[in-house]
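Structure first, commentary second.
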Protein chains: 2
Amino acid sequence: MQAEAWTPPPVLLTVDLVVLTLRKGRLCVLLVERAEDPFSGMQALPGGFLNNDREEILDGARRELQEETALDIGRVHLEQLAIYGAVDRDPRDRVVSVAHLAIVPDLPEPVAGTDAKAAAWVPVEEVLSGEIDLAFDHHRIVTDGVERARSRLEFTALATAFCTEPFTIAELQHVYETVWDTELDTRNFYRKVRAATGFVVPDDAGSKSTRGRPAQLYRVGPSSTLAPPLTRPPSSEKPMREGSA
Amino acid sequence: MQAEAWTPPPVLLTVDLVVLTLRKGRLCVLLVERAEDPFSGMQALPGGFLNNDREEILDGARRELQEETALDIGRVHLEQLAIYGAVDRDPRDRVVSVAHLAIVPDLPEPVAGTDAKAAAWVPVEEVLSGEIDLAFDHHRIVTDGVERARSRLEFTALATAFCTEPFTIAELQHVYETVWDTELDTRNFYRKVRAATGFVVPDDAGSKSTRGRPAQLYRVGPSSTLAPPLTRPPSSEKPMREGSA
DNA sequence: CAAATAGTGTCTTTGAGACACTATTGA
DNA sequence: TCAATAGTGTCTCAAAGACACTATTTG
């Protein structure tokens with residue numbers, strides 16, 4: 001620190017959201033089309049500035065999520081991801097972004113938020129591959145967010161956030177398979193889910209009408225952490241970078 | 001977002017550091033005594049405002065670390081931890097803190113930074129237990145930082161950041177035992193370290209003069225991630241909270 | 001009864017923990 | 001040769017993967 005009377009430089013704080021869901025059997029991220037400069041007309045993550053200097057960061061994230069998805073908050077998973085503050089990430093001002101990861105269940109088709117902006121669910125592969133490019137450093141943020149989600153599935157009950165209650169074990173397995181982009185053995189999966197105490201609890205109320213034997217329904221269990229974890233098979237497609245900070 | 005012409009509220013950004021090291025066989029965190037209000041005279045994490053609005057956040061963290069430890073940067077591990085921005089965390093202004101985790105090797109006894117502030121290495125237990133309380137929300141930040149470090153030991157080569165090169169396997173084991181506050185089996189530990197490819201590489205140059213058989217020396221290996229991981233024994237002392245975001 | 005989906009049991013291999021001895025140096 | 005520290009090998013058990021069959025419903 002320095003002799004005071006010097007005034008520290010203020011920055012602008014934004015909240016950005018990596019909202020993930022499963023649509024049509026694919027892991028998708030919510031993107032909006034920017035209406036203003038910089039990067040006007042380009043695809044970007046939903047987000048925005050805090051309302052005022054009394055608004056908590058997480059509340060701001062909740063508000064943005066609500067505006068974009070018109071969703072019942074409380075049932076959605078929302079966590080802080082990281083902060084992105086490179087000096088040149090916004091060509092005009094020093095803007096620091098607090099990125100959040102949100103997981104929502106499959107929503108009714110029309111996703112358009114209450115805002116007028118065009119909003120769309122885009123398969124994450126199209127973003128990760130670079131096929132679509134995004135404003136600012138949002139490509140990096142999506143990459144980090146997806147990796148966070150993949151990792152969270154191993155150690156936490158995050159997968160349930162993709163489902164609407166009540167759900168079946170098979171649905172849960174589809175979540176894992178889609179997010180990890182692997183195939184899992186049904187029998188081993190059942191065993192692991194049961195072994196993870198408090199992951200899910202049976203819901204002996206209804207049964208979904210289905211062709212074939214009706215499945216047992218479950219609800220979210222009391223544990224948010226999975227012990228033992230559901231380890232991800234090592235058969236990753238691409239070996240990742242090695243560097244550390 | 002809203003109709004523009006409205007100006008978003010700026011905030012003050014600080015960089016705070018959880019600097020961990022091993023001293024006298026204990027995991028210690030670097031604390032400074034605050035010279036100014038708020039919380040004047042209280043213990044706190046080292047940190048401060050960014051120098052100007054052109055300074056990268058990570059550079060600011062490096063600068064603060066340099067000022068406090070007078071250490072050769074580059075050899076130290078430094079990573080972003082999380083952002084803490086509760087509106088009431090600073091009684092005066094809206095100050096948002098970007099917390100970082102730094103790991104440094106055992107330093108020569110006098111730790112006093114180039115700054116005039118009193119700086120001290122304090123065993124983390126004294127902080128975690130609440131025996132010492134800290135300014136702002138720094139207790140929470142230390143808790144999160146220590147947990148992050150403990151977790152990082154499982155999956156990354158972070159432990160080497162506590163050592164000065166070259167080091168021995170036994171020294172590495174002491175790192176794990178101290179940070180995790182457990183005892184590990186020497187033979188199993190050797191096996192696991194060797195199994196983790198690229199964790200450490202032999203250094204066939206010198207040998208430390210010692211009483212007893214001299215140990216093989218090692219240097220940091222090429223891998224920053226540990227495969228397979230060195231799993232932490234489940235014998236935790238205190239069961240932790242369950243809640244998720 | 002056929003098709004479709006749900007659910008379970010076993011075997012085998014691999015990795016983790018418990019455990020005891022040999023090796024090399026200095027005093 | 002003793003004390004002190006370094007380093008290794010084996011056995012056992014538990015978890016993980018591969019794998020095939022039974023169960024319950026609808027058309």
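Identifiers for the structure tokens are assigned positionally: chains receive A, B, ... in sequence, residues are indexed from 1 per chain, and ligands are indexed from 1 in the order shown.
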
Discussion item. Env of Thr143 of chain A: 10 Å cut, atoms = only C-alpha atoms (C1' of nucleotides), seq-sep filter 2 positions within chain, self excluded. Answer as a PyMOL selection string.
Written reply: chain A and resi 18+124-125+127-129+138-141+145-148

Output the selection as a compact mmCIF listing (two decimals), in the first residue's frame - all heavy atoms for each residue.
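File produced: result_4.txt:
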```
# COMPACT_ATOMS: atom_id res chain seq x y z
N VAL A 18 -22.60 -18.16 -17.86
CA VAL A 18 -22.54 -19.34 -18.71
C VAL A 18 -23.70 -20.22 -18.28
O VAL A 18 -23.63 -20.88 -17.24
CB VAL A 18 -21.21 -20.10 -18.56
CG1 VAL A 18 -21.20 -21.33 -19.45
CG2 VAL A 18 -20.03 -19.19 -18.88
N VAL A 124 -22.59 -26.48 -27.20
CA VAL A 124 -21.28 -25.98 -26.76
C VAL A 124 -20.17 -26.39 -27.73
O VAL A 124 -19.18 -25.67 -27.86
CB VAL A 124 -20.93 -26.47 -25.35
CG1 VAL A 124 -21.85 -25.86 -24.32
CG2 VAL A 124 -20.91 -27.97 -25.26
N GLU A 125 -20.35 -27.51 -28.40
CA GLU A 125 -19.30 -27.94 -29.32
C GLU A 125 -19.03 -26.89 -30.40
O GLU A 125 -17.89 -26.68 -30.80
CB GLU A 125 -19.69 -29.28 -29.98
CG GLU A 125 -19.39 -30.49 -29.15
CD GLU A 125 -17.99 -30.45 -28.55
OE1 GLU A 125 -17.05 -30.03 -29.26
OE2 GLU A 125 -17.82 -30.80 -27.37
N VAL A 127 -19.24 -23.83 -30.07
CA VAL A 127 -18.47 -22.73 -29.50
C VAL A 127 -17.03 -23.18 -29.22
O VAL A 127 -16.07 -22.53 -29.63
CB VAL A 127 -19.12 -22.21 -28.20
CG1 VAL A 127 -18.24 -21.16 -27.55
CG2 VAL A 127 -20.50 -21.64 -28.49
N LEU A 128 -16.90 -24.31 -28.59
CA LEU A 128 -15.57 -24.79 -28.19
C LEU A 128 -14.68 -25.00 -29.42
O LEU A 128 -13.47 -24.75 -29.38
CB LEU A 128 -15.68 -26.09 -27.40
CG LEU A 128 -16.41 -26.00 -26.07
CD1 LEU A 128 -16.29 -27.30 -25.29
CD2 LEU A 128 -15.88 -24.84 -25.22
N SER A 129 -15.28 -25.47 -30.49
CA SER A 129 -14.50 -25.76 -31.69
C SER A 129 -14.04 -24.48 -32.40
O SER A 129 -13.20 -24.52 -33.29
CB SER A 129 -15.32 -26.60 -32.66
OG SER A 129 -16.40 -25.83 -33.14
N HIS A 138 -15.26 -14.15 -24.28
CA HIS A 138 -16.32 -15.07 -23.88
C HIS A 138 -16.06 -16.50 -24.31
O HIS A 138 -16.58 -17.43 -23.72
CB HIS A 138 -17.67 -14.56 -24.38
CG HIS A 138 -18.16 -13.35 -23.64
ND1 HIS A 138 -19.39 -12.78 -23.82
CD2 HIS A 138 -17.56 -12.62 -22.67
CE1 HIS A 138 -19.54 -11.74 -23.01
NE2 HIS A 138 -18.43 -11.62 -22.31
N HIS A 139 -15.24 -16.68 -25.32
CA HIS A 139 -14.90 -18.04 -25.71
C HIS A 139 -14.16 -18.73 -24.57
O HIS A 139 -14.46 -19.87 -24.20
CB HIS A 139 -14.04 -18.04 -26.97
CG HIS A 139 -13.68 -19.40 -27.47
ND1 HIS A 139 -12.60 -20.11 -26.98
CD2 HIS A 139 -14.26 -20.19 -28.39
CE1 HIS A 139 -12.54 -21.27 -27.61
NE2 HIS A 139 -13.54 -21.36 -28.46
N ARG A 140 -13.23 -18.04 -24.01
CA ARG A 140 -12.48 -18.59 -22.89
C ARG A 140 -13.39 -18.87 -21.70
O ARG A 140 -13.29 -19.89 -21.02
CB ARG A 140 -11.35 -17.62 -22.50
CG ARG A 140 -10.84 -17.73 -21.06
CD ARG A 140 -10.29 -19.11 -20.74
NE ARG A 140 -9.26 -19.54 -21.67
CZ ARG A 140 -7.98 -19.62 -21.35
NH1 ARG A 140 -7.59 -19.29 -20.15
NH2 ARG A 140 -7.11 -20.04 -22.23
N ILE A 141 -14.31 -17.97 -21.46
CA ILE A 141 -15.21 -18.14 -20.31
C ILE A 141 -16.09 -19.37 -20.50
O ILE A 141 -16.30 -20.15 -19.57
CB ILE A 141 -16.07 -16.86 -20.10
CG1 ILE A 141 -15.16 -15.65 -19.83
CG2 ILE A 141 -17.05 -17.06 -18.96
CD1 ILE A 141 -15.90 -14.35 -19.63
N GLY A 145 -16.17 -22.61 -18.18
CA GLY A 145 -17.45 -22.99 -17.58
C GLY A 145 -17.81 -24.44 -17.87
O GLY A 145 -18.26 -25.17 -16.98
N VAL A 146 -17.61 -24.86 -19.10
CA VAL A 146 -17.93 -26.23 -19.45
C VAL A 146 -17.01 -27.20 -18.69
O VAL A 146 -17.46 -28.22 -18.17
CB VAL A 146 -17.81 -26.44 -20.98
CG1 VAL A 146 -17.89 -27.91 -21.33
CG2 VAL A 146 -18.89 -25.66 -21.69
N GLU A 147 -15.75 -26.85 -18.64
CA GLU A 147 -14.83 -27.71 -17.91
C GLU A 147 -15.21 -27.78 -16.43
O GLU A 147 -15.16 -28.85 -15.80
CB GLU A 147 -13.39 -27.23 -18.06
CG GLU A 147 -12.36 -28.07 -17.30
CD GLU A 147 -12.52 -29.57 -17.54
OE1 GLU A 147 -12.82 -29.96 -18.68
OE2 GLU A 147 -12.36 -30.34 -16.58
N ARG A 148 -15.65 -26.66 -15.88
CA ARG A 148 -16.09 -26.65 -14.49
C ARG A 148 -17.29 -27.57 -14.31
O ARG A 148 -17.36 -28.37 -13.37
CB ARG A 148 -16.44 -25.23 -14.05
CG ARG A 148 -17.08 -25.12 -12.68
CD ARG A 148 -16.09 -25.31 -11.56
NE ARG A 148 -15.16 -24.21 -11.50
CZ ARG A 148 -15.29 -23.13 -10.73
NH1 ARG A 148 -16.31 -23.04 -9.94
NH2 ARG A 148 -14.40 -22.17 -10.77
```

Fill in: At most 8 Å to chain A: residues in chain D, only C-alpha atoms (C1' of nucleotides), as a ChimeraX atom specification
/D:17,24-26

Worksheet, complete the sentence: Atom pair atom CA of Arg89 of chain A + atom CA of Asp88 of chain B, distance 28.5 Å

Discussion item. Could you pull out the alpha helix (DSSP H) residues of segment 20-172 of chain B, going by DSSP on the backbone, and write them as JSON, numbers by chain?
Written reply: {"B": [57, 58, 59, 60, 61, 62, 63, 64, 65, 66, 67, 68, 69, 124, 125, 126, 127, 128, 138, 139, 140, 141, 142, 143, 144, 145, 146, 147, 148, 149, 150, 151, 152, 153, 154, 155, 169, 170, 171, 172]}

Discussion item. Please return, as a PyMOL selection string, all residues of segment 61-191 of chain B that DSSP assigns to strand (DSSP E) on the basis of the backbone.
Written reply: chain B and resi 77-84+95-103+119-123

Worksheet item: Once you count only C-alpha atoms, which residues of chain A turn out to be within 7 Å of chain B? Could you give them as a ChimeraX atom specification?
Response: /A:1,8-13,48-50,52-54,56-57,77-79,82,85-87,94,223-224,242-245
